Amino acid sequence: MTTNRRALLGAGLCVTAAFASRAGLGAMPAQAPVQVQGCEWPAASGELRQYACDWLPVAGALGDDGDDRAAASRDFGNIVQRPPRAVVKPASATDISSALRAAGRSGQKVAARGQGHSTYGRAMAEGGVVIDMSGLNAIHRIGADHIVVDAGATWERVLEATLAHGLTPPVLTNYLGLSVGGTIAVGGIGGSTSRHGMQTDHVLELDIVTGSGEPLTCSRGSNADLFDAARAGLAQCGLITRATLKLVRAPERVRRYQLFYQDLASLAVDQRRALQADRFDQLQGAILPDGKSGWRYQLEGALFYDKASPPDDNTVFASLSGNRETAVVTDLTYHDDALAFAKLEALLRSKGLWSNPHPWLFTFLPNVNAEQVADEILGRLSGEDIGQLGRVTFYPLRTRASGTLLVRWPEGGVAFCCNIVHMPASADPAQVDRLLANNRLIYDRVVDAGGVLYPVSALPMTPQDWEHHFGPAWPKLREARRRYDPLGLLTPGYNLF
């Protein structure tokens, strides 16, 4: 082994690739290593040989691993497949910086993939490079009010670490299997958003590698334009490698109340009343198929408490008009409540539904017409479309306190989250196409009504759609893109530019 080759193998960056010429994506046959312009690579001709040499300065190993490429060509949505030319598995931010510089030299598009939980190919780079962030998952430091964590860590890993110190992030996603970097790139919504805003509102500092390969640290006081562009900026200006997150004291227990209503109007009245009074620490709600071509309307509220001071159920029920006889009350530790979605995941996996397509649509409706628009949306859906285990989430949250420039809200201080969570019983492509087309019609209606998209949706979007979506914030995002990713390499799956 040459000295150069030995040094490269010690660099810590693993790149698995099935490189191909521009004529196609066929796998490269294994051949004896040869020296090409000072680099060692299995024999290949012309353009491909030079491409491989461009990558050797960043790669500890370059190989042909079809499994990695296949995994990176799919996501949780299981709707689109876009195979990359290469998958990069970095061991450090330096590796990511090197990979992005090499991608710039060879003109490759690049996308970061956390847990692969997007629903419409947003973390894919067809014919380009996918950077698998899952190995960058270290917890670096936990202070009295903050944690420093790698972007590839899941929120479950973060919570396990912070609870050991009696602390928690103010807002957790309902499903903790998502990566920190992935949710910061879109906003990050959870049960506590009704009181505490988005996860991006509680980010203190970010380490980022820009599209040109430059590592930078940013916050509200340093490189503030990049900080604003990175939080909910759909990874258009840089890839988050590390985050410093705010922490608060964790409660000991959670008591959760589910109340049911006969109609949407009654549900919305109680939800607004509960929001106005800060009745719950978490406020959510859903519209569920009733199995009889109709719907059930559910309010879900949760109260945090310590063992010495449990909530009074009579007081909670007295302020709400839902049917107490059918109410469901659960009481769990804060830890177990946060992980409750894992039970649904296990159920979906047991029924073979976890890997079915997920043509989900997430939106925010204006408070002034939320019931009207939601009722119109329900008119375009059936219980079969949603699936036995699916739902339409519907609940209010405050928006004025948001500290994230690129999270978009309808006008007014309150918006209703309205999400169509399809759990179809089959993977029928015709049904998926129909639901995607319906998503577009619903989205257009939401926009006409003054609503906005939460951009984790299975929805084709044009650059013009995105410009309208970001509205007055669009010029700042566009300028940040020009400054930090001048070659336009990053995250092509959103089709912003």
# chains A, B, ... in the order shown; residues from 1 in each chain; ligands from 1
$ closest_atom_pairs --of "segment 409-483 of chain A" --to "segment 220-242 of chain A" --cutoff "8 Å" --atoms "only C-alpha atoms" --output "tab-separated table"
residue	atom	partner	partner_atom	distance
A:Lys476	CA	A:Ala229	CA	7.7
A:Leu477	CA	A:Ala229	CA	5.9
A:Ala480	CA	A:Cys237	CA	6.5
A:Arg481	CA	A:Cys237	CA	5.0
$ write_last_selection --atoms "N, CA and C atoms" --output "compact mmCIF listing (two decimals), in the first residue's frame"
# COMPACT_ATOMS: atom_id res chain seq x y z
N LYS A 476 -34.45 37.05 1.11
CA LYS A 476 -33.36 36.75 2.04
C LYS A 476 -32.85 35.33 1.85
N LEU A 477 -33.76 34.39 1.63
CA LEU A 477 -33.33 33.01 1.39
C LEU A 477 -32.58 32.92 0.06
N ALA A 480 -29.13 34.34 0.53
CA ALA A 480 -28.29 33.43 1.31
C ALA A 480 -27.85 32.25 0.46
N ARG A 481 -28.73 31.78 -0.40
CA ARG A 481 -28.37 30.69 -1.31
C ARG A 481 -27.22 31.12 -2.23
$ select_by_dssp --residues "segment 185-423 of chain A" --states "strand (DSSP E)" --output "NGL selection string"
:A and (203-210 or 215-218 or 238-246 or 248-249 or 253-261 or 282-289 or 295-305 or 323-333 or 361-366 or 391-398 or 414-421)
$ select_by_dssp --residues "segment 143-201 of chain A" --states "alpha helix (DSSP H)" --output "list in words"
Trp155, Glu156, Arg157, Val158, Leu159, Glu160, Ala161, Thr162, Leu163, Val180, Gly181, Gly182, Thr183, Ile184, Thr193, Ser194, Arg195 and His196 of chain A
$ write_last_selection --atoms "C-alpha atoms" --output "short mmCIF file (atom, residue, chain, number, x, y, z; two decimals), in the first residue's frame"
data_model
loop_
_atom_site.label_atom_id
_atom_site.label_comp_id
_atom_site.auth_asym_id
_atom_site.auth_seq_id
_atom_site.Cartn_x
_atom_site.Cartn_y
_atom_site.Cartn_z
CA TRP A 155 -34.53 13.20 19.23
CA GLU A 156 -34.91 9.96 21.16
CA ARG A 157 -31.15 9.91 21.74
CA VAL A 158 -31.25 13.56 22.80
CA LEU A 159 -34.11 12.93 25.24
CA GLU A 160 -32.44 9.90 26.81
CA ALA A 161 -29.33 11.99 27.42
CA THR A 162 -31.11 15.04 28.83
CA LEU A 163 -33.54 13.16 31.08
CA VAL A 180 -32.03 16.79 14.93
CA GLY A 181 -30.64 18.24 11.72
CA GLY A 182 -33.58 17.02 9.69
CA THR A 183 -36.22 18.72 11.80
CA ILE A 184 -34.23 21.95 12.20
CA THR A 193 -45.72 23.80 19.78
CA SER A 194 -49.10 25.23 20.82
CA ARG A 195 -47.32 26.75 23.82
CA HIS A 196 -43.61 26.92 22.95
#
$ residues_around --residues "Ser266 of chain A" --least-positions-apart "5" --cutoff "12 Å" --atoms "only C-alpha atoms" --output "list of chain:residue names"
A:Leu259, A:Phe260, A:Tyr261, A:Gln271, A:Arg272, A:Arg273, A:Arg296, A:Tyr297, A:Gln298, A:Leu299, A:Leu320, A:Ser321, A:Gly322, A:Asn323, A:Glu371
$ write_last_selection --atoms "all heavy atoms" --output "CSV table (one decimal), in the first residue's frame"
chain,number,residue,atom,x,y,z
A,259,LEU,N,-60.9,13.7,24.4
A,259,LEU,CA,-62.3,14.0,24.4
A,259,LEU,C,-62.9,13.9,23.0
A,259,LEU,O,-62.2,14.4,22.1
A,259,LEU,CB,-62.6,15.3,25.1
A,259,LEU,CG,-62.6,15.4,26.6
A,259,LEU,CD1,-62.5,16.8,27.0
A,259,LEU,CD2,-63.8,14.7,27.2
A,260,PHE,N,-64.1,13.4,22.9
A,260,PHE,CA,-64.7,13.3,21.5
A,260,PHE,C,-66.0,14.1,21.4
A,260,PHE,O,-66.7,14.4,22.3
A,260,PHE,CB,-65.1,11.8,21.3
A,260,PHE,CG,-63.8,10.9,21.3
A,260,PHE,CD1,-63.4,10.3,22.4
A,260,PHE,CD2,-63.1,10.7,20.1
A,260,PHE,CE1,-62.2,9.5,22.4
A,260,PHE,CE2,-62.0,10.0,20.1
A,260,PHE,CZ,-61.5,9.3,21.2
A,261,TYR,N,-66.2,14.6,20.1
A,261,TYR,CA,-67.2,15.6,19.8
A,261,TYR,C,-68.0,15.1,18.6
A,261,TYR,O,-67.5,14.3,17.8
A,261,TYR,CB,-66.6,16.9,19.5
A,261,TYR,CG,-65.8,17.5,20.6
A,261,TYR,CD1,-64.5,17.0,21.0
A,261,TYR,CD2,-66.4,18.5,21.4
A,261,TYR,CE1,-63.8,17.6,22.0
A,261,TYR,CE2,-65.7,19.1,22.5
A,261,TYR,CZ,-64.4,18.6,22.8
A,261,TYR,OH,-63.7,19.1,23.9
A,271,GLN,N,-61.2,23.7,21.5
A,271,GLN,CA,-59.8,23.9,21.2
A,271,GLN,C,-59.3,25.4,21.4
A,271,GLN,O,-58.3,25.6,22.0
A,271,GLN,CB,-59.4,23.4,19.8
A,271,GLN,CG,-59.4,21.9,19.7
A,271,GLN,CD,-59.1,21.4,18.3
A,271,GLN,OE1,-59.5,22.1,17.3
A,271,GLN,NE2,-58.4,20.3,18.2
A,272,ARG,N,-60.1,26.3,20.9
A,272,ARG,CA,-59.8,27.7,21.0
A,272,ARG,C,-59.9,28.1,22.5
A,272,ARG,O,-59.0,28.9,23.0
A,272,ARG,CB,-60.7,28.5,20.2
A,272,ARG,CG,-60.5,28.5,18.7
A,272,ARG,CD,-61.2,29.5,17.9
A,272,ARG,NE,-61.0,29.5,16.5
A,272,ARG,CZ,-61.7,28.8,15.6
A,272,ARG,NH1,-62.8,28.2,16.0
A,272,ARG,NH2,-61.5,28.9,14.3
A,273,ARG,N,-60.9,27.6,23.2
A,273,ARG,CA,-61.0,27.9,24.6
A,273,ARG,C,-59.8,27.4,25.4
A,273,ARG,O,-59.3,28.1,26.3
A,273,ARG,CB,-62.3,27.3,25.1
A,273,ARG,CG,-62.6,27.6,26.6
A,273,ARG,CD,-63.9,26.9,27.1
A,273,ARG,NE,-65.0,27.5,26.4
A,273,ARG,CZ,-65.9,26.7,25.8
A,273,ARG,NH1,-65.8,25.4,25.7
A,273,ARG,NH2,-67.0,27.2,25.2
A,296,ARG,N,-65.1,11.0,13.4
A,296,ARG,CA,-65.1,11.3,14.8
A,296,ARG,C,-64.1,12.4,15.1
A,296,ARG,O,-63.1,12.5,14.4
A,296,ARG,CB,-64.6,10.0,15.7
A,296,ARG,CG,-65.4,8.8,15.5
A,296,ARG,CD,-64.7,7.6,16.2
A,296,ARG,NE,-64.8,7.8,17.6
A,296,ARG,CZ,-63.9,7.2,18.5
A,296,ARG,NH1,-62.9,6.6,18.0
A,296,ARG,NH2,-64.1,7.4,19.8
A,297,TYR,N,-64.5,13.3,16.0
A,297,TYR,CA,-63.7,14.5,16.2
A,297,TYR,C,-63.1,14.5,17.7
A,297,TYR,O,-63.8,14.3,18.6
A,297,TYR,CB,-64.6,15.7,16.1
A,297,TYR,CG,-65.3,15.8,14.7
A,297,TYR,CD1,-66.5,15.2,14.5
A,297,TYR,CD2,-64.6,16.4,13.6
A,297,TYR,CE1,-67.1,15.2,13.2
A,297,TYR,CE2,-65.2,16.4,12.4
A,297,TYR,CZ,-66.4,15.8,12.2
A,297,TYR,OH,-67.0,15.8,10.9
A,298,GLN,N,-61.8,14.6,17.7
A,298,GLN,CA,-61.1,14.3,19.0
A,298,GLN,C,-60.2,15.5,19.4
A,298,GLN,O,-59.5,16.1,18.6
A,298,GLN,CB,-60.2,13.1,18.8
A,298,GLN,CG,-59.3,12.7,20.0
A,298,GLN,CD,-58.2,11.8,19.6
A,298,GLN,OE1,-57.2,12.2,19.0
A,298,GLN,NE2,-58.4,10.5,19.9
A,299,LEU,N,-60.4,15.9,20.6
A,299,LEU,CA,-59.4,16.8,21.3
A,299,LEU,C,-58.5,16.0,22.1
A,299,LEU,O,-58.9,15.1,22.9
A,299,LEU,CB,-60.2,17.9,22.1
A,299,LEU,CG,-59.3,18.9,22.9
A,299,LEU,CD1,-60.1,20.2,23.0
A,299,LEU,CD2,-58.9,18.4,24.3
A,320,LEU,N,-64.6,21.9,29.5
A,320,LEU,CA,-64.7,21.4,28.1
A,320,LEU,C,-66.1,20.8,27.9
A,320,LEU,O,-66.7,20.2,28.9
A,320,LEU,CB,-63.6,20.4,27.8
A,320,LEU,CG,-62.2,21.0,28.0
A,320,LEU,CD1,-61.1,19.9,27.9
A,320,LEU,CD2,-61.9,22.1,26.9
A,321,SER,N,-66.6,20.8,26.7
A,321,SER,CA,-67.9,20.3,26.4
A,321,SER,C,-67.9,18.9,25.8
A,321,SER,O,-69.0,18.4,25.5
A,321,SER,CB,-68.6,21.3,25.5
A,321,SER,OG,-68.0,21.3,24.2
A,322,GLY,N,-66.8,18.3,25.6
A,322,GLY,CA,-66.7,17.0,25.0
A,322,GLY,C,-67.4,15.9,25.9
A,322,GLY,O,-67.7,16.1,27.1
A,323,ASN,N,-67.7,14.8,25.3
A,323,ASN,CA,-68.4,13.7,25.9
A,323,ASN,C,-67.5,13.0,27.0
A,323,ASN,O,-66.6,12.3,26.6
A,323,ASN,CB,-68.9,12.7,24.9
A,323,ASN,CG,-69.8,11.6,25.5
A,323,ASN,OD1,-69.8,11.4,26.7
A,323,ASN,ND2,-70.5,10.9,24.6
A,371,GLU,N,-62.4,26.1,10.3
A,371,GLU,CA,-63.4,25.0,10.2
A,371,GLU,C,-64.0,24.9,8.8
A,371,GLU,O,-64.2,23.8,8.3
A,371,GLU,CB,-64.5,25.3,11.2
A,371,GLU,CG,-64.1,25.4,12.6
A,371,GLU,CD,-64.0,26.8,13.1
A,371,GLU,OE1,-63.2,27.6,12.5
A,371,GLU,OE2,-64.6,27.1,14.1
$ residues_around --residues "Pro366 of chain A" --least-positions-apart "5" --cutoff "12 Å" --atoms "only C-alpha atoms" --output "list in words"
Glu371, Gln372, Val373, Ala374, Phe394, Tyr395, Pro396, Leu397, Arg398, Thr399, Arg408, Trp409, Pro410, Glu411, Gly412, Gly413, Val414, Ala415, Phe416, Cys417, Cys418, Val446, Val447, Asp448, Ala449, Gly450, Gly451, Val452 and Leu453 of chain A
$ residues_around --residues "Asn78 of chain A" --least-positions-apart "3" --cutoff "7 Å" --atoms "only C-alpha atoms" --output "list in words"
Arg74, Asp75, Thr119, Asn356, Pro357 and His358 of chain A
$ write_last_selection --atoms "all heavy atoms" --output "PDB file, in the first residue's frame"
ATOM      1  N   ARG A  74     -34.509   5.725  -1.651  1.00  0.00           N
ATOM      2  CA  ARG A  74     -35.866   5.624  -1.120  1.00  0.00           C
ATOM      3  C   ARG A  74     -35.963   6.429   0.174  1.00  0.00           C
ATOM      4  O   ARG A  74     -34.961   6.757   0.792  1.00  0.00           O
ATOM      5  CB  ARG A  74     -36.235   4.164  -0.834  1.00  0.00           C
ATOM      6  CG  ARG A  74     -36.210   3.248  -2.041  1.00  0.00           C
ATOM      7  CD  ARG A  74     -36.764   1.865  -1.675  1.00  0.00           C
ATOM      8  NE  ARG A  74     -35.998   1.244  -0.599  1.00  0.00           N
ATOM      9  CZ  ARG A  74     -34.954   0.446  -0.804  1.00  0.00           C
ATOM     10  NH1 ARG A  74     -34.545   0.196  -2.031  1.00  0.00           N
ATOM     11  NH2 ARG A  74     -34.319  -0.090   0.215  1.00  0.00           N
ATOM     12  N   ASP A  75     -37.202   6.703   0.597  1.00  0.00           N
ATOM     13  CA  ASP A  75     -37.414   7.326   1.896  1.00  0.00           C
ATOM     14  C   ASP A  75     -38.695   6.780   2.509  1.00  0.00           C
ATOM     15  O   ASP A  75     -39.344   5.894   1.944  1.00  0.00           O
ATOM     16  CB  ASP A  75     -37.425   8.857   1.805  1.00  0.00           C
ATOM     17  CG  ASP A  75     -38.512   9.392   0.883  1.00  0.00           C
ATOM     18  OD1 ASP A  75     -39.485   8.664   0.599  1.00  0.00           O
ATOM     19  OD2 ASP A  75     -38.399  10.556   0.446  1.00  0.00           O
ATOM     20  N   THR A 119     -41.021  12.419   2.899  1.00  0.00           N
ATOM     21  CA  THR A 119     -42.125  11.717   2.251  1.00  0.00           C
ATOM     22  C   THR A 119     -42.192  11.945   0.743  1.00  0.00           C
ATOM     23  O   THR A 119     -43.094  11.446   0.096  1.00  0.00           O
ATOM     24  CB  THR A 119     -43.474  12.150   2.858  1.00  0.00           C
ATOM     25  OG1 THR A 119     -43.659  13.556   2.678  1.00  0.00           O
ATOM     26  CG2 THR A 119     -43.554  11.796   4.321  1.00  0.00           C
ATOM     27  N   ASN A 356     -45.670   1.005   3.386  1.00  0.00           N
ATOM     28  CA  ASN A 356     -46.541   1.446   2.305  1.00  0.00           C
ATOM     29  C   ASN A 356     -46.275   2.920   1.986  1.00  0.00           C
ATOM     30  O   ASN A 356     -45.721   3.653   2.811  1.00  0.00           O
ATOM     31  CB  ASN A 356     -48.014   1.273   2.688  1.00  0.00           C
ATOM     32  CG  ASN A 356     -48.511  -0.140   2.427  1.00  0.00           C
ATOM     33  OD1 ASN A 356     -47.787  -0.976   1.891  1.00  0.00           O
ATOM     34  ND2 ASN A 356     -49.736  -0.411   2.819  1.00  0.00           N
ATOM     35  N   PRO A 357     -46.673   3.390   0.813  1.00  0.00           N
ATOM     36  CA  PRO A 357     -46.512   4.815   0.512  1.00  0.00           C
ATOM     37  C   PRO A 357     -47.257   5.695   1.513  1.00  0.00           C
ATOM     38  O   PRO A 357     -48.310   5.317   2.035  1.00  0.00           O
ATOM     39  CB  PRO A 357     -47.122   4.938  -0.892  1.00  0.00           C
ATOM     40  CG  PRO A 357     -46.982   3.582  -1.481  1.00  0.00           C
ATOM     41  CD  PRO A 357     -47.178   2.631  -0.341  1.00  0.00           C
ATOM     42  N   HIS A 358     -46.680   6.872   1.765  1.00  0.00           N
ATOM     43  CA  HIS A 358     -47.268   7.824   2.711  1.00  0.00           C
ATOM     44  C   HIS A 358     -47.458   9.177   2.022  1.00  0.00           C
ATOM     45  O   HIS A 358     -46.649  10.092   2.209  1.00  0.00           O
ATOM     46  CB  HIS A 358     -46.376   7.970   3.946  1.00  0.00           C
ATOM     47  CG  HIS A 358     -46.166   6.693   4.690  1.00  0.00           C
ATOM     48  ND1 HIS A 358     -45.024   5.932   4.564  1.00  0.00           N
ATOM     49  CD2 HIS A 358     -46.963   6.018   5.552  1.00  0.00           C
ATOM     50  CE1 HIS A 358     -45.121   4.855   5.322  1.00  0.00           C
ATOM     51  NE2 HIS A 358     -46.279   4.877   5.928  1.00  0.00           N
TER      52      HIS A 358
END
$ closest_residue --among "A:Val407, A:Val87, A:Leu365, A:Val328" --to "Gln199 of chain A" --atoms "only C-alpha atoms"
A:Val407
$ atom_distance --atom1 "atom CA of Asp433 of chain A" --atom2 "atom CA of Tyr175 of chain A"
26.1 Å
$ residues_around --residues "Leu167 of chain A" --least-positions-apart "5" --cutoff "8 Å" --atoms "only C-alpha atoms" --output "ChimeraX atom specification"
/A:145,162,247-250
$ closest_residue --among "A:Trp295, A:Tyr484, A:Phe470, A:Tyr120" --to "Gly390 of chain A" --atoms "only C-alpha atoms"
A:Trp295
$ atom_distance --atom1 "atom CA of Leu361 of chain A" --atom2 "atom CA of Asn137 of chain A"
28.8 Å
$ closest_residue --among "A:Ala70, A:Leu178, A:Leu216, A:Ile79" --to "Ala430 of chain A" --atoms "only C-alpha atoms"
A:Ile79
$ closest_residue --among "A:Pro475, A:Gly213, A:Gly352, A:Gly177" --to "Ala340 of chain A" --atoms "only C-alpha atoms"
A:Gly177
$ residues_around --residues "Arg255 of chain A" --least-positions-apart "6" --cutoff "10 Å" --atoms "only C-alpha atoms" --output "PyMOL selection string"
chain A and resi 280+301-305+310-311+313+329-334+337
$ write_last_selection --atoms "N, CA and C atoms" --output "PDB file, in the first residue's frame"
ATOM      1  N   PHE A 280     -53.679  23.423  28.615  1.00  0.00           N
ATOM      2  CA  PHE A 280     -52.839  22.237  28.511  1.00  0.00           C
ATOM      3  C   PHE A 280     -51.403  22.620  28.166  1.00  0.00           C
ATOM      4  N   GLY A 301     -55.443  16.733  24.925  1.00  0.00           N
ATOM      5  CA  GLY A 301     -54.669  17.675  25.726  1.00  0.00           C
ATOM      6  C   GLY A 301     -53.852  16.926  26.757  1.00  0.00           C
ATOM      7  N   ALA A 302     -52.685  17.456  27.078  1.00  0.00           N
ATOM      8  CA  ALA A 302     -51.812  16.802  28.056  1.00  0.00           C
ATOM      9  C   ALA A 302     -51.342  17.823  29.083  1.00  0.00           C
ATOM     10  N   LEU A 303     -51.299  17.394  30.327  1.00  0.00           N
ATOM     11  CA  LEU A 303     -50.796  18.219  31.423  1.00  0.00           C
ATOM     12  C   LEU A 303     -49.542  17.578  31.997  1.00  0.00           C
ATOM     13  N   PHE A 304     -48.485  18.388  32.164  1.00  0.00           N
ATOM     14  CA  PHE A 304     -47.257  17.931  32.804  1.00  0.00           C
ATOM     15  C   PHE A 304     -47.373  18.170  34.309  1.00  0.00           C
ATOM     16  N   TYR A 305     -46.861  17.233  35.086  1.00  0.00           N
ATOM     17  CA  TYR A 305     -46.902  17.446  36.534  1.00  0.00           C
ATOM     18  C   TYR A 305     -45.862  16.586  37.228  1.00  0.00           C
ATOM     19  N   PRO A 310     -50.637  16.206  41.336  1.00  0.00           N
ATOM     20  CA  PRO A 310     -51.356  15.735  40.147  1.00  0.00           C
ATOM     21  C   PRO A 310     -52.490  16.685  39.769  1.00  0.00           C
ATOM     22  N   PRO A 311     -52.863  16.713  38.491  1.00  0.00           N
ATOM     23  CA  PRO A 311     -53.957  17.593  38.062  1.00  0.00           C
ATOM     24  C   PRO A 311     -55.301  17.088  38.568  1.00  0.00           C
ATOM     25  N   ASP A 313     -58.878  16.140  37.581  1.00  0.00           N
ATOM     26  CA  ASP A 313     -59.613  15.786  36.366  1.00  0.00           C
ATOM     27  C   ASP A 313     -60.940  16.531  36.264  1.00  0.00           C
ATOM     28  N   VAL A 329     -58.432   8.712  29.426  1.00  0.00           N
ATOM     29  CA  VAL A 329     -57.398   9.379  30.213  1.00  0.00           C
ATOM     30  C   VAL A 329     -56.252   8.398  30.438  1.00  0.00           C
ATOM     31  N   THR A 330     -55.040   8.828  30.093  1.00  0.00           N
ATOM     32  CA  THR A 330     -53.858   8.005  30.351  1.00  0.00           C
ATOM     33  C   THR A 330     -52.882   8.800  31.200  1.00  0.00           C
ATOM     34  N   ASP A 331     -52.069   8.087  31.951  1.00  0.00           N
ATOM     35  CA  ASP A 331     -51.110   8.730  32.835  1.00  0.00           C
ATOM     36  C   ASP A 331     -49.804   7.951  32.761  1.00  0.00           C
ATOM     37  N   LEU A 332     -48.756   8.625  32.266  1.00  0.00           N
ATOM     38  CA  LEU A 332     -47.474   7.965  32.043  1.00  0.00           C
ATOM     39  C   LEU A 332     -46.342   8.838  32.549  1.00  0.00           C
ATOM     40  N   THR A 333     -45.173   8.233  32.705  1.00  0.00           N
ATOM     41  CA  THR A 333     -43.993   9.056  32.944  1.00  0.00           C
ATOM     42  C   THR A 333     -43.741   9.915  31.708  1.00  0.00           C
ATOM     43  N   TYR A 334     -43.041  11.025  31.894  1.00  0.00           N
ATOM     44  CA  TYR A 334     -42.730  11.900  30.760  1.00  0.00           C
ATOM     45  C   TYR A 334     -41.976  11.130  29.682  1.00  0.00           C
ATOM     46  N   ASP A 337     -44.415   8.679  27.853  1.00  0.00           N
ATOM     47  CA  ASP A 337     -45.360   9.419  27.028  1.00  0.00           C
ATOM     48  C   ASP A 337     -44.684   9.916  25.745  1.00  0.00           C
TER      49      ASP A 337
END
$ closest_residue --among "A:Glu345, A:Glu252, A:Asp281, A:Asp201" --to "Gly187 of chain A" --atoms "only C-alpha atoms"
A:Asp201
$ atom_distance --atom1 "atom CA of Asn367 of chain A" --atom2 "atom CA of Gly383 of chain A"
25.4 Å
